[in-house]
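**Student:** The structure file target02.txt (compact mmCIF, C-alpha atoms) is provided below.
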# COMPACT_ATOMS: atom_id res chain seq x y z
CA MET A 1340 82.94 79.44 96.90
CA LYS A 1341 81.55 77.13 94.25
CA ILE A 1342 83.97 75.57 91.78
CA LYS A 1343 83.21 73.16 88.99
CA ALA A 1344 86.12 71.70 87.04
CA VAL A 1345 85.43 69.23 84.25
CA VAL A 1346 88.15 67.50 82.23
CA GLN A 1347 87.77 66.48 78.61
CA ASN A 1348 90.70 65.53 76.35
CA ASN A 1349 93.19 66.78 78.98
CA VAL A 1350 91.56 70.21 78.97
CA ALA A 1351 89.95 71.37 82.18
CA SER A 1352 87.01 73.75 82.02
CA VAL A 1353 86.69 75.63 85.26
CA LYS A 1354 83.72 77.67 86.42
CA MET A 1355 83.73 79.44 89.73
CA LEU A 1356 81.36 81.59 91.72
CA ILE A 1357 82.73 83.45 94.72
CA PRO A 1358 80.18 85.02 97.06
CA HIS A 1359 81.52 88.51 97.78
CA PRO A 1360 79.87 91.95 98.08
CA MET A 1361 82.32 93.58 95.60
CA GLU A 1362 81.57 97.02 97.03
CA THR A 1363 82.88 99.71 94.71
CA GLY A 1364 83.26 102.38 97.38
CA ARG A 1365 80.70 104.51 95.51
CA ARG A 1366 77.44 102.97 96.66
CA LYS A 1367 75.40 104.82 99.26
CA GLU A 1368 73.18 103.46 102.01
CA GLN A 1369 69.66 104.85 102.26
CA ASN A 1370 70.89 107.27 104.94
CA GLY A 1371 73.49 108.62 102.52
CA ALA A 1372 76.50 106.97 104.11
CA ILE A 1373 78.98 105.63 101.59
CA VAL A 1374 79.63 101.92 101.78
CA PRO A 1375 83.43 101.50 101.89
CA ALA A 1376 85.17 99.76 99.02
CA HIS A 1377 85.52 96.03 99.54
CA PHE A 1378 86.28 93.92 96.51
CA ILE A 1379 88.33 90.92 95.43
CA THR A 1380 91.66 92.03 93.97
CA GLU A 1381 93.28 88.79 92.96
CA ILE A 1382 92.33 85.21 92.14
CA THR A 1383 94.80 82.43 91.48
CA ALA A 1384 94.28 78.78 90.66
CA THR A 1385 96.89 76.05 90.97
CA CYS A 1386 96.92 72.48 89.77
CA GLY A 1387 99.70 69.92 90.16
CA GLY A 1388 102.17 72.56 91.37
CA ASP A 1389 101.54 74.93 88.45
CA THR A 1390 99.69 78.21 88.61
CA VAL A 1391 97.15 77.76 85.85
CA PHE A 1392 95.16 80.98 86.26
CA ARG A 1393 95.86 84.43 87.66
CA ALA A 1394 93.47 87.34 87.51
CA GLU A 1395 93.52 90.84 88.94
CA LEU A 1396 90.09 92.28 89.61
CA GLY A 1397 88.82 95.76 90.25
CA PRO A 1398 85.51 97.13 91.50
CA GLY A 1399 84.11 96.83 87.95
CA VAL A 1400 83.56 93.10 88.39
CA SER A 1401 80.00 92.22 89.36
CA LYS A 1402 78.90 91.21 92.84
CA ASP A 1403 79.51 87.52 93.61
CA PRO A 1404 82.12 87.18 90.83
CA TYR A 1405 81.60 84.47 88.27
CA LEU A 1406 84.64 83.50 86.22
CA SER A 1407 85.41 80.71 83.83
CA PHE A 1408 88.61 79.64 82.13
CA GLN A 1409 90.28 76.58 80.63
CA PHE A 1410 93.71 75.04 80.96
CA ASN A 1411 95.42 72.01 79.46
CA GLY A 1412 97.44 69.11 80.83
CA ALA A 1413 94.64 68.23 83.25
CA LYS A 1414 93.50 64.82 84.45
CA ALA A 1415 90.29 63.86 86.18
CA GLY A 1416 90.86 63.26 89.88
CA GLN A 1417 93.59 65.89 90.18
CA MET A 1418 92.99 68.65 92.70
CA LEU A 1419 92.40 72.24 91.67
CA LYS A 1420 92.96 74.91 94.29
CA VAL A 1421 91.53 78.41 93.99
CA THR A 1422 92.56 81.28 96.26
CA TRP A 1423 91.28 84.85 96.36
CA VAL A 1424 92.37 87.97 98.23
CA ASP A 1425 90.31 91.12 98.74
CA SER A 1426 90.97 94.81 99.30
CA LYS A 1427 90.45 94.54 103.05
CA GLY A 1428 92.96 91.72 103.46
CA GLY A 1429 90.29 89.03 103.48
CA SER A 1430 90.90 85.80 101.61
CA GLY A 1431 89.40 82.46 100.79
CA THR A 1432 90.64 79.12 99.49
CA SER A 1433 88.80 76.19 98.07
CA GLU A 1434 89.98 72.92 96.62
CA VAL A 1435 88.05 70.53 94.40
CA ALA A 1436 88.78 67.31 92.58
CA MET A 1437 88.38 67.67 88.84
CA THR A 1438 85.83 65.32 87.31
CA ALA A 1439 85.71 63.56 83.97
CA MET A 1440 83.27 64.85 81.39
CA MET B 8 126.00 121.86 97.52
CA GLY B 9 123.28 119.91 99.22
CA ILE B 10 121.80 117.11 97.18
CA SER B 11 123.45 114.86 94.64
CA ARG B 12 121.43 113.84 91.62
CA ARG B 13 121.33 110.25 92.87
CA ASP B 14 119.94 111.26 96.24
CA PHE B 15 117.43 113.51 94.59
CA CYS B 16 116.18 110.68 92.37
CA LYS B 17 115.96 108.34 95.33
CA THR B 18 113.94 110.87 97.29
CA VAL B 19 111.56 111.51 94.43
CA ALA B 20 111.12 107.80 93.78
CA GLY B 21 110.57 107.18 97.48
CA SER B 22 107.92 109.82 97.83
CA ALA B 23 106.20 108.70 94.66
CA ALA B 24 106.07 105.18 96.06
CA SER B 25 104.61 106.34 99.35
CA VAL B 26 102.00 108.43 97.55
CA ALA B 27 101.04 105.36 95.54
CA VAL B 28 100.74 103.33 98.73
CA LEU B 29 98.64 106.04 100.38
CA ALA B 30 96.44 106.32 97.32
CA MET B 31 95.44 102.68 97.56
CA MET B 32 94.66 102.80 101.28
CA PRO B 33 92.68 101.24 102.75
CA GLY B 34 93.49 98.62 100.16
CA ASN B 35 95.99 95.97 100.92
CA LEU B 36 99.68 96.16 100.24
CA MET B 37 99.87 93.40 97.71
CA ALA B 38 102.83 94.11 95.54
CA LYS B 39 101.45 92.55 92.41
CA TRP B 40 98.00 94.09 92.14
CA SER B 41 98.13 96.86 89.51
CA ASP B 42 96.94 99.59 91.87
CA LYS B 43 97.80 102.50 89.60
CA ALA B 44 95.92 101.00 86.68
CA PHE B 45 92.86 100.20 88.79
CA ASN B 46 92.91 103.65 90.40
CA ALA B 47 93.12 105.51 87.10
CA SER B 48 89.84 107.20 86.27
CA GLU B 49 90.36 107.69 82.52
CA LEU B 50 90.55 104.87 79.98
CA ASP B 51 93.81 106.01 78.37
CA ALA B 52 95.45 106.58 81.75
CA ALA B 53 94.39 103.13 82.93
CA ILE B 54 95.81 101.49 79.79
CA ALA B 55 99.07 103.45 80.14
CA ALA B 56 99.33 102.57 83.84
CA LYS B 57 98.83 98.89 83.08
CA TYR B 58 100.90 98.50 79.93
CA GLY B 59 103.12 101.58 79.65
CA SER B 60 103.25 103.65 76.51
CA LEU B 61 103.59 100.81 73.99
CA PRO B 62 101.96 101.44 70.62
CA ILE B 63 98.48 99.91 70.26
CA VAL B 64 97.14 98.38 67.06
CA ASP B 65 93.57 97.28 66.42
CA SER B 66 93.29 93.54 66.03
CA THR B 67 90.69 91.20 64.61
CA SER B 68 92.33 88.33 66.52
CA ILE B 69 90.62 89.31 69.75
CA GLU B 70 87.00 88.30 70.12
CA ILE B 71 84.68 89.98 72.60
CA LYS B 72 81.37 88.23 73.18
CA ALA B 73 78.93 90.47 74.96
CA PRO B 74 75.23 91.25 74.62
CA GLU B 75 74.34 94.07 72.23
CA ILE B 76 71.92 95.35 74.82
CA ALA B 77 72.45 94.66 78.52
CA GLU B 78 69.25 95.09 80.49
CA ASN B 79 71.10 95.19 83.77
CA GLY B 80 74.46 96.93 83.89
CA ALA B 81 75.22 95.26 87.21
CA PHE B 82 75.72 91.92 85.45
CA VAL B 83 77.02 92.14 81.90
CA PRO B 84 78.27 88.73 80.75
CA VAL B 85 81.47 89.05 78.73
CA THR B 86 83.69 86.42 77.13
CA VAL B 87 87.07 87.42 75.75
CA SER B 88 89.32 85.19 73.68
CA THR B 89 92.29 85.78 71.45
CA THR B 90 94.33 83.89 68.87
CA ILE B 91 97.28 86.28 68.96
CA PRO B 92 100.43 84.13 69.18
CA GLY B 93 102.56 84.63 72.27
CA VAL B 94 99.95 86.61 74.19
CA THR B 95 101.02 86.99 77.82
CA ASN B 96 98.33 89.19 79.32
CA PHE B 97 95.00 90.73 78.46
CA SER B 98 92.73 93.17 80.25
CA ILE B 99 89.14 94.31 80.01
CA PHE B 100 88.41 98.03 80.24
CA THR B 101 85.33 100.19 79.89
CA PRO B 102 85.17 103.98 79.97
CA ALA B 103 81.67 103.65 81.48
CA ASN B 104 83.04 103.10 84.97
CA PHE B 105 84.89 105.38 87.38
CA SER B 106 87.56 102.70 87.42
CA PRO B 107 87.90 101.76 83.72
CA LEU B 108 90.09 98.70 84.30
CA VAL B 109 87.69 95.87 85.11
CA ALA B 110 89.99 92.87 85.23
CA SER B 111 93.35 91.72 83.97
CA PHE B 112 94.45 88.17 83.21
CA ASP B 113 97.87 86.61 82.87
CA VAL B 114 97.99 84.02 80.11
CA LEU B 115 100.01 81.32 81.84
CA PRO B 116 101.66 78.47 79.91
CA ARG B 117 98.85 75.97 80.54
CA MET B 118 95.98 78.42 80.25
CA LYS B 119 93.88 79.03 77.16
CA PRO B 120 93.60 82.73 76.28
CA GLU B 121 89.87 82.77 76.92
CA VAL B 122 87.99 84.01 79.97
CA SER B 123 84.35 84.67 80.86
CA LEU B 124 83.12 86.91 83.61
CA ARG B 125 80.33 89.25 84.58
CA MET B 126 81.15 92.92 84.81
CA ARG B 127 79.49 96.18 85.77
CA MET B 128 78.76 98.94 83.31
CA ALA B 129 77.41 102.24 84.58
CA LYS B 130 76.09 103.26 81.16
CA THR B 131 76.17 102.49 77.45
CA ALA B 132 79.80 102.37 76.40
CA ASN B 133 82.51 100.34 74.73
CA VAL B 134 84.10 97.28 76.20
CA VAL B 135 87.78 97.61 75.33
CA VAL B 136 90.16 94.67 75.45
CA ILE B 137 93.92 95.16 75.32
CA ALA B 138 96.18 92.16 74.81
CA GLN B 139 99.94 92.15 75.17
CA ALA B 140 102.19 89.90 73.09
CA GLY B 141 105.90 90.55 73.01
CA GLY B 142 106.41 94.30 73.09
CA LYS B 143 103.14 95.02 71.31
CA LEU B 144 99.62 95.85 72.36
CA TYR B 145 96.51 94.81 70.47
CA ARG B 146 93.05 96.25 70.89
CA ALA B 147 89.47 95.21 70.22
CA VAL B 148 86.36 97.22 71.00
CA ARG B 149 82.69 96.33 71.28
CA GLU B 150 79.81 98.54 72.27
CA VAL B 151 77.27 97.42 74.85
CA LYS B 152 74.04 99.36 75.29
CA VAL B 153 73.06 99.48 78.94
CA THR B 154 69.47 100.20 79.88
CA ILE B 155 69.91 100.19 83.69
CA GLY B 156 73.29 101.27 85.02
CA GLY B 157 75.21 98.90 87.22
CA CYS B 158 77.14 100.92 89.74
CA GLY B 159 74.63 101.31 92.53
CA GLY B 160 72.91 104.49 91.47
For the structure just supplied, provide its representation as structure tokens.
**Tutor:**
Amino acid sequence: MKIKAVVQNNVASVKMLIPHPMETGRRKEQNGAIVPAHFITEITATCGGDTVFRAELGPGVSKDPYLSFQFNGAKAGQMLKVTWVDSKGGSGTSEVAMTAM
Amino acid sequence: MGISRRDFCKTVAGSAASVAVLAMMPGNLMAKWSDKAFNASELDAAIAAKYGSLPIVDSTSIEIKAPEIAENGAFVPVTVSTTIPGVTNFSIFTPANFSPLVASFDVLPRMKPEVSLRMRMAKTANVVVIAQAGGKLYRAVREVKVTIGGCGG
């Protein structure tokens, strides 16, 4: 997972890219077999004890989801933690230090 | 007589819950994920499953940035923002997909009501954004023309 979090005037701009197949459950292999659904269902981000972002995703989100959002009350050097969960019970967590603009 | 009204209601609610759980198999059992809304195959049903039957009004305070023409429906860049006061949640839908609800966002106290993502669109259709503030729903719509569909065939 790639996360970039930049702080300017106490506002953090977060961009993230999560490598994930995001299979819809509709795609077929060349031999006609259906690839089972496998997609991220939930992403949360926390900073300084607060949840600052929460998203629910469905199979309509593109492969390797890219998301960006902003939140306030942020300081450079603080840690931002992003966690995702997928439809097969898989999960991932990544933590980055936010940087000054 | 056999069944009291209370027992009957409990039984019905119980079986409805187990059907819902079965319907999302082999998905996970996360309580919070809006399974019914994501599993709905019609736009109106997905909106109702997510937000209930609240009245919806069109709003100019929701902005949807998306390309007029998307060459590749597998990656349609969309940015949604709103200036509606007190907004607590907003969701992106499109009737182009078998699962019209694409993604849903909680607007938490520290978060700005603006999100960008890339979504799939199987064909030319509207991108519909519903935002909830208080007991009201607000809607904005924007059409995206898709030249190559994005759902794997």
**Student:** Which is closer to B:Val135 than all the others in B:Thr90, B:Ser68, B:Ser48, B:Thr101, using all atoms listed in the file?
**Tutor:**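 Using all atoms listed in the file, the shortest distance to B:Val135 belongs to B:Thr101.
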**Student:** Counting only C-alpha atoms, a student should be able to say which residues of chain B come within 7 Å of chain A; what is the right answer, written as a PDB file with C-alpha atoms, in the coordinates of the input?
**Tutor:**
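Just written: out.pdb:
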ATOM      1  CA  GLY B  34      93.490  98.620 100.160  1.00  0.00           C
ATOM      2  CA  ASN B  35      95.990  95.970 100.920  1.00  0.00           C
ATOM      3  CA  TRP B  40      98.000  94.090  92.140  1.00  0.00           C
ATOM      4  CA  PHE B  45      92.860 100.200  88.790  1.00  0.00           C
ATOM      5  CA  ALA B  81      75.220  95.260  87.210  1.00  0.00           C
ATOM      6  CA  PHE B  82      75.720  91.920  85.450  1.00  0.00           C
ATOM      7  CA  SER B 106      87.560 102.700  87.420  1.00  0.00           C
ATOM      8  CA  LEU B 108      90.090  98.700  84.300  1.00  0.00           C
ATOM      9  CA  VAL B 109      87.690  95.870  85.110  1.00  0.00           C
ATOM     10  CA  ALA B 110      89.990  92.870  85.230  1.00  0.00           C
ATOM     11  CA  SER B 111      93.350  91.720  83.970  1.00  0.00           C
ATOM     12  CA  PHE B 112      94.450  88.170  83.210  1.00  0.00           C
ATOM     13  CA  ASP B 113      97.870  86.610  82.870  1.00  0.00           C
ATOM     14  CA  LEU B 115     100.010  81.320  81.840  1.00  0.00           C
ATOM     15  CA  ARG B 117      98.850  75.970  80.540  1.00  0.00           C
ATOM     16  CA  MET B 118      95.980  78.420  80.250  1.00  0.00           C
ATOM     17  CA  LYS B 119      93.880  79.030  77.160  1.00  0.00           C
ATOM     18  CA  GLU B 121      89.870  82.770  76.920  1.00  0.00           C
ATOM     19  CA  VAL B 122      87.990  84.010  79.970  1.00  0.00           C
ATOM     20  CA  SER B 123      84.350  84.670  80.860  1.00  0.00           C
ATOM     21  CA  LEU B 124      83.120  86.910  83.610  1.00  0.00           C
ATOM     22  CA  ARG B 125      80.330  89.250  84.580  1.00  0.00           C
ATOM     23  CA  MET B 126      81.150  92.920  84.810  1.00  0.00           C
ATOM     24  CA  ARG B 127      79.490  96.180  85.770  1.00  0.00           C
ATOM     25  CA  GLY B 159      74.630 101.310  92.530  1.00  0.00           C
TER      26      GLY B 159
END
**Student:** Please measure the separation of atom CA of B:Arg149 and atom CA of B:Val136, giving the value in Å to one decimal.
**Tutor:**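 Interatomic distance, atom CA of B:Arg149 to atom CA of B:Val136: 8.7 Å.
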**Student:** If you measure from atom CA of A:Val1435 to atom CA of A:Lys1341, what distance in Å do you get, rounded to one decimal?
**Tutor:**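 Result for atom CA of A:Val1435 versus atom CA of A:Lys1341: 9.3 Å, one decimal.
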**Student:** For B:Asn79, which of B:Met128, B:Val134, B:Leu144, B:Leu50 is the closest residue, counting all atoms listed in the file?
**Tutor:** B:Met128
**Student:** What is the distance between atom CA of A:Ala1344 and atom CA of B:Phe100, in Å to one decimal?
**Tutor:**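 Separation of atom CA of A:Ala1344 and atom CA of B:Phe100: 27.3 Å.
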**Student:** Between B:Arg146, B:Asn133, B:Leu61, B:Ala47, which residue has the minimum interatomic distance to B:Ala73, considering all atoms listed in the file?
**Tutor:**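 Counting all atoms listed in the file, the residue closest to B:Ala73 is B:Asn133.
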